[in-house]
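This is entry.tsv. It holds TSV, C-alpha atoms.
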```
chain	number	residue	atom	x	y	z
K	1	MET	CA	92.66	169.65	47.10
K	2	ARG	CA	95.92	168.88	48.93
K	3	THR	CA	94.02	168.10	52.14
K	4	SER	CA	91.63	165.87	50.25
K	5	ARG	CA	94.48	163.89	48.63
K	6	LEU	CA	96.22	163.32	51.99
K	7	ALA	CA	92.95	162.24	53.53
K	8	GLY	CA	92.51	159.74	50.73
K	9	MET	CA	95.98	158.32	51.30
K	10	ALA	CA	95.54	158.01	55.05
K	11	PRO	CA	94.24	154.42	55.02
K	12	VAL	CA	97.15	153.37	52.78
K	13	LEU	CA	99.73	155.07	54.98
K	14	MET	CA	98.17	153.58	58.09
K	15	MET	CA	98.27	150.09	56.58
K	16	ALA	CA	101.94	150.53	55.59
K	17	ALA	CA	102.79	151.65	59.10
K	18	LEU	CA	100.99	148.70	60.62
K	19	LEU	CA	102.76	146.28	58.29
K	20	ALA	CA	106.14	147.85	59.01
K	21	GLY	CA	105.49	147.72	62.72
K	22	GLY	CA	104.35	144.15	62.45
K	23	HIS	CA	107.52	143.08	60.64
K	24	ALA	CA	109.71	144.94	63.12
K	25	GLY	CA	108.09	143.07	65.95
K	26	VAL	CA	108.65	139.61	64.48
K	27	ALA	CA	111.69	137.88	66.07
K	28	HIS	CA	113.42	134.99	64.37
K	29	ALA	CA	113.35	131.78	66.37
K	30	ALA	CA	116.57	131.15	68.21
K	31	TYR	CA	118.93	128.62	66.59
K	32	PRO	CA	118.40	125.71	66.47
K	33	GLU	CA	114.73	125.37	65.67
K	34	LYS	CA	114.83	121.89	64.09
K	35	PRO	CA	116.91	118.67	64.27
K	36	ILE	CA	120.59	118.75	63.29
K	37	LYS	CA	122.36	116.11	61.21
K	38	LEU	CA	125.90	115.07	62.14
K	39	ILE	CA	127.72	113.24	59.33
K	40	VAL	CA	130.36	110.80	60.57
K	41	PRO	CA	132.96	109.66	58.01
K	42	PHE	CA	133.29	106.07	59.26
K	43	PRO	CA	130.93	103.13	59.88
K	44	ALA	CA	129.05	102.67	63.13
K	45	GLY	CA	130.82	100.84	65.92
K	46	GLY	CA	134.33	102.28	65.65
K	47	PRO	CA	136.00	104.77	68.01
K	48	THR	CA	135.26	107.79	65.79
K	49	ASP	CA	131.58	106.87	65.68
K	50	ALA	CA	131.54	106.29	69.45
K	51	MET	CA	132.96	109.76	70.12
K	52	ALA	CA	130.50	111.34	67.70
K	53	ARG	CA	127.59	109.65	69.46
K	54	ILE	CA	128.74	110.90	72.85
K	55	VAL	CA	128.74	114.43	71.44
K	56	SER	CA	125.41	114.03	69.62
K	57	GLU	CA	123.64	112.68	72.70
K	58	LYS	CA	124.90	115.45	74.96
K	59	MET	CA	124.36	118.17	72.35
K	60	THR	CA	120.77	117.02	71.93
K	61	GLN	CA	120.24	117.72	75.64
K	62	SER	CA	122.16	121.00	75.53
K	63	LEU	CA	120.49	122.47	72.44
K	64	GLY	CA	117.00	121.12	72.92
K	65	GLN	CA	116.97	119.69	69.39
K	66	THR	CA	117.83	116.16	68.27
K	67	VAL	CA	121.30	115.74	66.80
K	68	ILE	CA	121.07	112.76	64.44
K	69	VAL	CA	124.21	110.78	63.55
K	70	GLU	CA	124.50	109.71	59.92
K	71	ASN	CA	127.37	107.31	59.15
K	72	ARG	CA	128.86	107.54	55.66
K	73	GLY	CA	131.90	105.30	55.42
K	74	GLY	CA	134.11	104.71	52.40
K	75	ALA	CA	137.27	105.97	50.70
K	76	GLY	CA	138.96	106.85	53.96
K	77	GLY	CA	136.32	109.45	54.76
K	78	VAL	CA	136.31	111.17	51.35
K	79	ILE	CA	132.70	110.22	50.56
K	80	ALA	CA	131.40	111.74	53.79
K	81	THR	CA	133.59	114.82	53.47
K	82	GLU	CA	132.27	115.61	50.01
K	83	ALA	CA	128.66	114.98	51.05
K	84	ALA	CA	128.93	117.22	54.10
K	85	ALA	CA	130.66	120.00	52.13
K	86	ALA	CA	127.82	119.99	49.59
K	87	SER	CA	125.15	120.41	52.29
K	88	ALA	CA	123.34	123.67	52.96
K	89	ALA	CA	125.35	126.10	55.10
K	90	ASN	CA	122.52	126.76	57.52
K	91	GLY	CA	123.77	125.14	60.74
K	92	TYR	CA	121.65	122.01	60.34
K	93	THR	CA	124.32	119.76	58.83
K	94	LEU	CA	127.59	119.27	60.71
K	95	PHE	CA	130.62	117.10	59.99
K	96	PHE	CA	132.61	115.09	62.54
K	97	ALA	CA	136.06	115.93	61.25
K	98	THR	CA	139.31	114.04	61.84
K	99	THR	CA	142.98	114.70	61.19
K	100	GLY	CA	142.75	112.38	58.19
K	101	THR	CA	139.63	113.80	56.55
K	102	MET	CA	140.70	117.42	56.89
K	103	THR	CA	144.49	117.49	56.54
K	104	ILE	CA	145.75	114.20	55.07
K	105	ASN	CA	143.20	113.03	52.49
K	106	PRO	CA	143.51	116.07	50.19
K	107	SER	CA	147.13	115.12	49.50
K	108	ILE	CA	146.71	111.37	49.05
K	109	TYR	CA	143.43	111.34	47.09
K	110	PRO	CA	144.17	113.30	43.88
K	111	SER	CA	140.56	113.04	42.71
K	112	MET	CA	139.05	114.45	45.92
K	113	GLY	CA	136.43	116.99	44.90
K	114	VAL	CA	136.79	119.47	47.77
K	115	LYS	CA	139.50	121.26	49.72
K	116	PRO	CA	138.31	120.65	53.30
K	117	LEU	CA	139.98	123.64	54.93
K	118	LYS	CA	138.16	125.93	52.49
K	119	ALA	CA	134.92	123.94	52.31
K	120	PHE	CA	134.22	124.01	56.05
K	121	ASP	CA	134.09	126.48	58.93
K	122	PRO	CA	135.54	125.24	62.24
K	123	ILE	CA	133.29	124.90	65.28
K	124	GLY	CA	135.65	123.35	67.81
K	125	MET	CA	137.89	120.43	68.60
K	126	VAL	CA	136.40	117.54	70.55
K	127	ALA	CA	139.37	115.42	71.59
K	128	SER	CA	142.87	114.36	70.65
K	129	THR	CA	144.87	111.20	71.07
K	130	GLU	CA	148.38	109.96	70.38
K	131	ASN	CA	150.24	107.00	68.98
K	132	VAL	CA	152.97	104.97	70.63
K	133	LEU	CA	155.91	103.40	68.81
K	134	VAL	CA	156.18	99.71	69.70
K	135	VAL	CA	158.72	97.12	68.54
K	136	ALA	CA	158.97	93.36	68.71
K	137	PRO	CA	160.89	92.13	71.80
K	138	SER	CA	163.04	89.98	69.52
K	139	LEU	CA	164.76	93.13	68.23
K	140	LYS	CA	166.36	93.67	71.66
K	141	ILE	CA	165.84	97.43	71.26
K	142	ASP	CA	164.77	99.56	74.21
K	143	THR	CA	165.16	103.18	73.05
K	144	VAL	CA	164.44	105.35	70.02
K	145	GLN	CA	168.14	106.18	69.75
K	146	ASP	CA	169.06	102.49	69.59
K	147	LEU	CA	166.40	101.91	66.94
K	148	VAL	CA	167.69	104.76	64.78
K	149	ALA	CA	171.29	103.62	65.17
K	150	GLN	CA	170.51	100.03	64.21
K	151	ALA	CA	168.28	101.07	61.30
K	152	LYS	CA	171.10	103.23	59.95
K	153	SER	CA	173.60	100.39	60.26
K	154	GLU	CA	171.23	97.93	58.55
K	155	PRO	CA	169.26	100.01	55.98
K	156	GLY	CA	166.20	98.36	54.47
K	157	THR	CA	166.05	95.49	56.94
K	158	PHE	CA	163.43	96.95	59.31
K	159	THR	CA	159.70	97.07	58.49
K	160	PHE	CA	156.81	98.99	60.02
K	161	GLY	CA	153.13	98.15	59.73
K	162	SER	CA	150.13	100.45	59.51
K	163	ALA	CA	146.36	100.45	59.15
K	164	GLY	CA	146.78	101.43	55.50
K	165	VAL	CA	148.24	104.09	53.24
K	166	GLY	CA	147.57	107.55	54.64
K	167	SER	CA	146.52	106.35	58.11
K	168	SER	CA	147.88	108.19	61.13
K	169	ASN	CA	150.18	105.32	62.02
K	170	HIS	CA	151.50	105.27	58.45
K	171	LEU	CA	152.18	109.02	58.59
K	172	SER	CA	153.83	108.58	61.99
K	173	GLY	CA	156.21	106.02	60.47
K	174	GLU	CA	156.97	108.23	57.49
K	175	LEU	CA	157.71	111.15	59.81
K	176	LEU	CA	160.10	108.92	61.77
K	177	LYS	CA	161.87	107.95	58.55
K	178	ASP	CA	162.09	111.56	57.44
K	179	MET	CA	163.29	113.08	60.69
K	180	ALA	CA	165.69	110.27	61.63
K	181	GLY	CA	167.00	109.75	58.11
K	182	ILE	CA	166.47	105.99	58.18
K	183	ASP	CA	165.34	103.45	55.59
K	184	ILE	CA	162.51	101.26	56.90
K	185	LEU	CA	159.92	99.54	54.71
K	186	HIS	CA	156.23	100.37	55.08
K	187	VAL	CA	153.86	97.37	55.13
K	188	PRO	CA	150.20	98.48	54.86
K	189	TYR	CA	147.38	96.37	56.30
K	190	LYS	CA	143.61	96.61	56.30
K	191	GLY	CA	143.37	97.97	59.81
K	192	SER	CA	145.65	98.24	62.85
K	193	ALA	CA	144.54	94.90	64.28
K	194	ALA	CA	146.03	92.96	61.35
K	195	ALA	CA	149.29	94.90	61.61
K	196	LEU	CA	149.49	94.26	65.34
K	197	THR	CA	148.90	90.54	64.77
K	198	ASP	CA	151.90	90.38	62.45
K	199	LEU	CA	154.01	92.41	64.89
K	200	LEU	CA	153.18	89.94	67.66
K	201	GLY	CA	154.04	87.13	65.27
K	202	GLY	CA	157.42	88.66	64.44
K	203	ARG	CA	156.60	89.24	60.78
K	204	ILE	CA	157.18	93.01	60.98
K	205	SER	CA	159.65	94.94	63.13
K	206	MET	CA	157.56	97.77	64.54
K	207	MET	CA	154.47	99.93	64.25
K	208	PHE	CA	152.82	103.04	65.61
K	209	ASP	CA	149.47	102.32	67.24
K	210	THR	CA	147.01	104.19	69.39
K	211	ILE	CA	147.89	103.94	73.06
K	212	SER	CA	144.53	102.38	73.92
K	213	ASN	CA	145.04	99.60	71.35
K	214	ALA	CA	148.66	98.91	72.25
K	215	LEU	CA	148.34	99.10	76.04
K	216	PRO	CA	147.22	95.49	76.77
K	217	ASN	CA	150.15	94.05	74.79
K	218	ILE	CA	152.57	96.51	76.36
K	219	GLN	CA	151.40	95.50	79.83
K	220	ALA	CA	151.71	91.82	78.88
K	221	GLY	CA	155.28	92.34	77.66
K	222	LYS	CA	154.42	91.25	74.13
K	223	VAL	CA	155.68	94.52	72.59
K	224	VAL	CA	158.20	97.10	73.77
K	225	PRO	CA	157.13	100.79	73.84
K	226	LEU	CA	159.86	103.22	72.78
K	227	GLY	CA	158.05	106.55	72.74
K	228	VAL	CA	154.72	108.36	72.47
K	229	THR	CA	154.03	110.85	69.70
K	230	GLY	CA	152.61	113.68	71.82
K	231	THR	CA	154.32	116.71	73.32
K	232	ALA	CA	154.07	115.26	76.83
K	233	LYS	CA	154.14	111.84	78.45
K	234	SER	CA	150.89	109.89	78.44
K	235	PRO	CA	149.23	109.25	81.84
K	236	ALA	CA	148.59	105.70	80.58
K	237	LEU	CA	152.34	105.15	79.98
K	238	PRO	CA	154.12	107.37	82.50
K	239	ALA	CA	157.45	105.54	82.13
K	240	VAL	CA	157.56	105.97	78.35
K	241	PRO	CA	159.18	109.18	77.04
K	242	THR	CA	157.96	111.25	74.13
K	243	ILE	CA	159.77	110.52	70.89
K	244	ALA	CA	160.89	114.16	70.87
K	245	ASP	CA	162.57	113.71	74.26
K	246	ALA	CA	163.91	110.29	73.31
K	247	GLY	CA	166.12	111.58	70.52
K	248	LEU	CA	164.05	113.29	67.80
K	249	PRO	CA	163.36	116.89	68.90
K	250	GLY	CA	160.29	118.32	67.22
K	251	PHE	CA	158.67	114.95	66.50
K	252	GLN	CA	154.96	115.23	67.21
K	253	VAL	CA	151.84	113.52	65.89
K	254	SER	CA	148.39	114.32	67.27
K	255	ILE	CA	145.23	112.62	66.06
K	256	TRP	CA	142.29	114.89	66.70
K	257	PHE	CA	138.52	114.91	66.23
K	258	GLY	CA	136.28	117.94	65.94
K	259	LEU	CA	133.14	119.59	64.61
K	260	VAL	CA	132.97	121.66	61.43
K	261	ALA	CA	130.12	123.04	59.30
K	262	PRO	CA	129.81	123.85	55.59
K	263	HIS	CA	131.54	127.13	54.74
K	264	GLY	CA	129.23	130.12	55.13
K	265	THR	CA	127.28	128.76	58.09
K	266	PRO	CA	125.87	131.74	60.08
K	267	SER	CA	128.20	132.97	62.79
K	268	ASP	CA	125.48	132.84	65.45
K	269	ALA	CA	125.04	129.11	64.77
K	270	ILE	CA	128.81	128.55	65.01
K	271	LYS	CA	128.92	130.43	68.35
K	272	THR	CA	125.96	128.48	69.74
K	273	LEU	CA	127.46	125.14	68.71
K	274	ASN	CA	130.92	126.01	70.06
K	275	ALA	CA	129.47	127.07	73.42
K	276	SER	CA	127.43	123.88	73.61
K	277	LEU	CA	130.44	121.71	72.71
K	278	ASN	CA	132.75	123.33	75.27
K	279	LYS	CA	130.10	122.95	77.97
K	280	ILE	CA	129.73	119.27	77.11
K	281	LEU	CA	133.49	118.66	77.20
K	282	ALA	CA	133.66	120.09	80.74
K	283	GLU	CA	131.28	117.41	82.04
K	284	SER	CA	133.01	114.70	84.08
K	285	ASP	CA	131.11	111.79	82.52
K	286	VAL	CA	132.00	112.94	79.00
K	287	GLN	CA	135.65	113.31	80.00
K	288	ALA	CA	135.65	109.79	81.45
K	289	LYS	CA	134.09	108.30	78.32
K	290	LEU	CA	136.56	110.03	76.00
K	291	GLN	CA	139.48	109.00	78.20
K	292	SER	CA	138.30	105.39	77.97
K	293	PHE	CA	139.18	105.63	74.26
K	294	GLY	CA	142.60	107.00	75.16
K	295	ALA	CA	141.46	110.48	74.10
K	296	THR	CA	141.89	113.82	75.88
K	297	PRO	CA	139.01	116.35	75.72
K	298	THR	CA	140.21	119.53	73.97
K	299	PRO	CA	137.71	122.38	74.34
K	300	GLY	CA	138.56	125.65	72.66
K	301	SER	CA	137.61	128.27	70.12
K	302	PRO	CA	137.01	127.89	66.38
K	303	GLU	CA	140.13	129.99	65.81
K	304	VAL	CA	142.36	127.63	67.78
K	305	PHE	CA	140.91	124.65	65.90
K	306	ALA	CA	141.52	126.39	62.57
K	307	SER	CA	145.14	127.07	63.52
K	308	GLN	CA	145.70	123.39	64.38
K	309	MET	CA	144.22	122.26	61.07
K	310	ASN	CA	146.34	124.67	59.07
K	311	GLN	CA	149.53	123.57	60.83
K	312	ASP	CA	148.77	119.89	60.27
K	313	GLU	CA	147.81	120.36	56.63
K	314	ALA	CA	151.16	122.06	55.97
K	315	LYS	CA	153.11	119.33	57.76
K	316	TRP	CA	151.34	116.36	56.20
K	317	SER	CA	151.18	117.73	52.66
K	318	ARG	CA	154.94	118.29	52.70
K	319	LEU	CA	155.63	114.81	54.07
K	320	ILE	CA	153.22	113.13	51.65
K	321	LYS	CA	154.80	114.93	48.71
K	322	THR	CA	158.30	113.97	49.87
K	323	SER	CA	157.38	110.30	50.34
K	324	GLY	CA	155.39	110.14	47.10
K	325	MET	CA	152.47	108.30	48.68
K	326	LYS	CA	149.14	108.20	46.84
K	327	VAL	CA	145.91	106.23	47.09
K	328	ASN	CA	144.52	105.15	43.73
```
As structure tokens, how would this structure be written, given the file I've shared?
Amino acid sequence: MRTSRLAGMAPVLMMAALLAGGHAGVAHAAYPEKPIKLIVPFPAGGPTDAMARIVSEKMTQSLGQTVIVENRGGAGGVIATEAAAASAANGYTLFFATTGTMTINPSIYPSMGVKPLKAFDPIGMVASTENVLVVAPSLKIDTVQDLVAQAKSEPGTFTFGSAGVGSSNHLSGELLKDMAGIDILHVPYKGSAAALTDLLGGRISMMFDTISNALPNIQAGKVVPLGVTGTAKSPALPAVPTIADAGLPGFQVSIWFGLVAPHGTPSDAIKTLNASLNKILAESDVQAKLQSFGATPTPGSPEVFASQMNQDEAKWSRLIKTSGMKVN
């Protein structure tokens, strides 16, 4: 009877073995196996979009799948941040992150629906750039120390322009006020170009601007550069010291750009994307294009990128709270 029962089960057992063997032999397709969407938090045509498109074009070649740029401007990048965070964590939606979207916006937009550092997993930094502090020639000021001394002797008389509340040049000015202990009035504009126009016209005293934007007017003698915000001199302005070396030790502002993915994205996808990004950033033509925007390629690991974001979030949240700035 026992032999008969086993014989009767043989076909079933054989089928189960075949099915098990079949499943064991099936390999998942290597990531990525379909197009990838890259959400950019600003409209097409600007420097952030241009950098994102350099990366998307090269990553398309590197990964063998199309990387499609989707621009979602508005609310200083909040709209795009929330949309990207709500996307499936499967490696097929990425976010082109910036210093502002990841580490500044959470403190100045009280109604923001996500905490970016928790909502995303880092892939890698793409590039970083710096600001330069420029003043009107009419001030007759040539150094950061002279500026601080005069601002202290005439509190409330100096003004600094920015691209708007919470912009990197606004935060740079607030950090200067905080670290130097000076009283200078912030004048927000709708973009750096409008602020620069008023600086050239003598209607504001100073501003922080990206080196690439300020360089033509510096070279023409229309504004005076006092210091760059990085930890080292800029190759574009070799005669201009860092603000830290010019009298404010520890002063540093870096504006960076990078790739992140919704939290929970598979680790193999993160590794593949990081390897692809670092390979791209080593290419000479990519380096030249990024440098044309005044940006320095910054390849590295997800862990290094995460550390940078955490440091900046701590610095900017403290400064924003101290200054009381908010965007309604």
For each of K:Ala50, K:Leu200, K:Val114, K:Val69, take the minimum atom-to-atom distance to Phe293 in chain K, counting only C-alpha atoms, then give the residue where this is smallest.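 When distances to Phe293 in chain K are compared using only C-alpha atoms, the smallest one comes from K:Ala50.
Distances from K:Asn105, K:Ser323, K:Gln219, K:Gln308 to Val78 in chain K were compared using only C-alpha atoms, and the smallest one belongs to K:Asn105.
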Atomic separation - CA of Phe251 in chain K relative to CA of Asp178 in chain K, Å: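 Going from CA of Asp178 in chain K over to CA of Phe251 in chain K, I get 10.3 Å.
The spacing separating CA of Leu133 in chain K from CA of Gly227 in chain K amounts to 5.5 Å.
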Phe208 in chain K proximity check over K:Val304, K:Val55, K:Ile184, K:Leu176, using only C-alpha atoms: winner is K:Leu176
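For the point (164.2, 111.2, 68.0), the residues with an atom at a distance of at most 9 Å are Val144, Gln145, Val148, Leu176, Met179, Ala180, Thr242, Ile243, Ala244, Asp245, Ala246, Gly247, Leu248, Pro249, Gly250 and Phe251 of chain K, counting all atoms listed in the file.
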Step by step: start from the point (131.8, 109.5, 55.8) in the file's coordinates, keep every protein, DNA or RNA residue that has an atom no farther than 7 Å from it, count all atoms listed in the file, and write the set as a PyMOL selection string. chain K and resi 39-42+71-74+77-81
How would the residues just chosen look if you wrote them out with C-alpha atoms as a CSV table (one decimal), in the frame of the given file?
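The file below, result.csv, is the result:
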```csv
chain,number,residue,atom,x,y,z
K,39,ILE,CA,127.7,113.2,59.3
K,40,VAL,CA,130.4,110.8,60.6
K,41,PRO,CA,133.0,109.7,58.0
K,42,PHE,CA,133.3,106.1,59.3
K,71,ASN,CA,127.4,107.3,59.2
K,72,ARG,CA,128.9,107.5,55.7
K,73,GLY,CA,131.9,105.3,55.4
K,74,GLY,CA,134.1,104.7,52.4
K,77,GLY,CA,136.3,109.4,54.8
K,78,VAL,CA,136.3,111.2,51.4
K,79,ILE,CA,132.7,110.2,50.6
K,80,ALA,CA,131.4,111.7,53.8
K,81,THR,CA,133.6,114.8,53.5
```
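When all atoms listed in the file are used to compute distances to Thr265 in chain K, the closest of the residues K:Ala88, K:Val187, K:Val224, K:Val134 turns out to be K:Ala88.
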If you measure from CA of Asp49 in chain K to CA of Lys115 in chain K, what distance in Å do you get, rounded to one decimal?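 Calculated distance between CA of Asp49 in chain K and CA of Lys115 in chain K is 22.9 Å.
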All residues 10 Å or closer to Ser56 in chain K, only C-alpha atoms, same chain fewer than 3 positions away omitted, as a compact mmCIF listing (two decimals) with C-alpha atoms, keeping the file's coordinate frame:
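Contents of the output file part17.txt:
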```
# COMPACT_ATOMS: atom_id res chain seq x y z
CA ILE K 36 120.59 118.75 63.29
CA LYS K 37 122.36 116.11 61.21
CA LEU K 38 125.90 115.07 62.14
CA ALA K 50 131.54 106.29 69.45
CA MET K 51 132.96 109.76 70.12
CA ALA K 52 130.50 111.34 67.70
CA ARG K 53 127.59 109.65 69.46
CA MET K 59 124.36 118.17 72.35
CA THR K 60 120.77 117.02 71.93
CA GLN K 61 120.24 117.72 75.64
CA SER K 62 122.16 121.00 75.53
CA THR K 66 117.83 116.16 68.27
CA VAL K 67 121.30 115.74 66.80
CA ILE K 68 121.07 112.76 64.44
CA VAL K 69 124.21 110.78 63.55
CA LEU K 277 130.44 121.71 72.71
```
Nearest-residue call for Lys58 in chain K, choices K:Val286, K:Leu319, K:Ala44, K:Leu259, using all atoms listed in the file: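 Closest to Lys58 in chain K, using all atoms listed in the file: K:Val286.
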Mind checking which residues fall within 7 Å of Gly258 in chain K, counting all atoms listed in the file, ignoring those fewer than 3 positions away in the same chain, and posting them as a VMD selection string? chain K and resid 96 to 98 124 to 127
Of the candidates K:Gly64, K:Pro216, K:Pro188, K:Gly91, which one gets nearest to Asn169 in chain K if we count all atoms listed in the file?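 Using all atoms listed in the file, the shortest distance to Asn169 in chain K belongs to K:Pro188.
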Contact residues around Val228 in chain K with all atoms listed in the file at 9 Å, ignoring same-chain residues under 2 positions, as an MDAnalysis selection string: chainID K and resid 130:133 208 211 225:226 230:234 237 240:244 252:253
Could you list, as a list of chain:residue names, every residue within 6 Å of Met206 in chain K, counting only C-alpha atoms and ignoring same-chain residues fewer than 2 positions away?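 Close residues of Met206 in chain K: K:Val134, K:Val135, K:Phe160, K:Ile204.
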Suppose we keep C-alpha atoms; can you now write the selection as a tab-separated table (two decimals), in the coordinates of the input?
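Once written, result07.tsv looks like this:
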```
chain	number	residue	atom	x	y	z
K	134	VAL	CA	156.18	99.71	69.70
K	135	VAL	CA	158.72	97.12	68.54
K	160	PHE	CA	156.81	98.99	60.02
K	204	ILE	CA	157.18	93.01	60.98
```
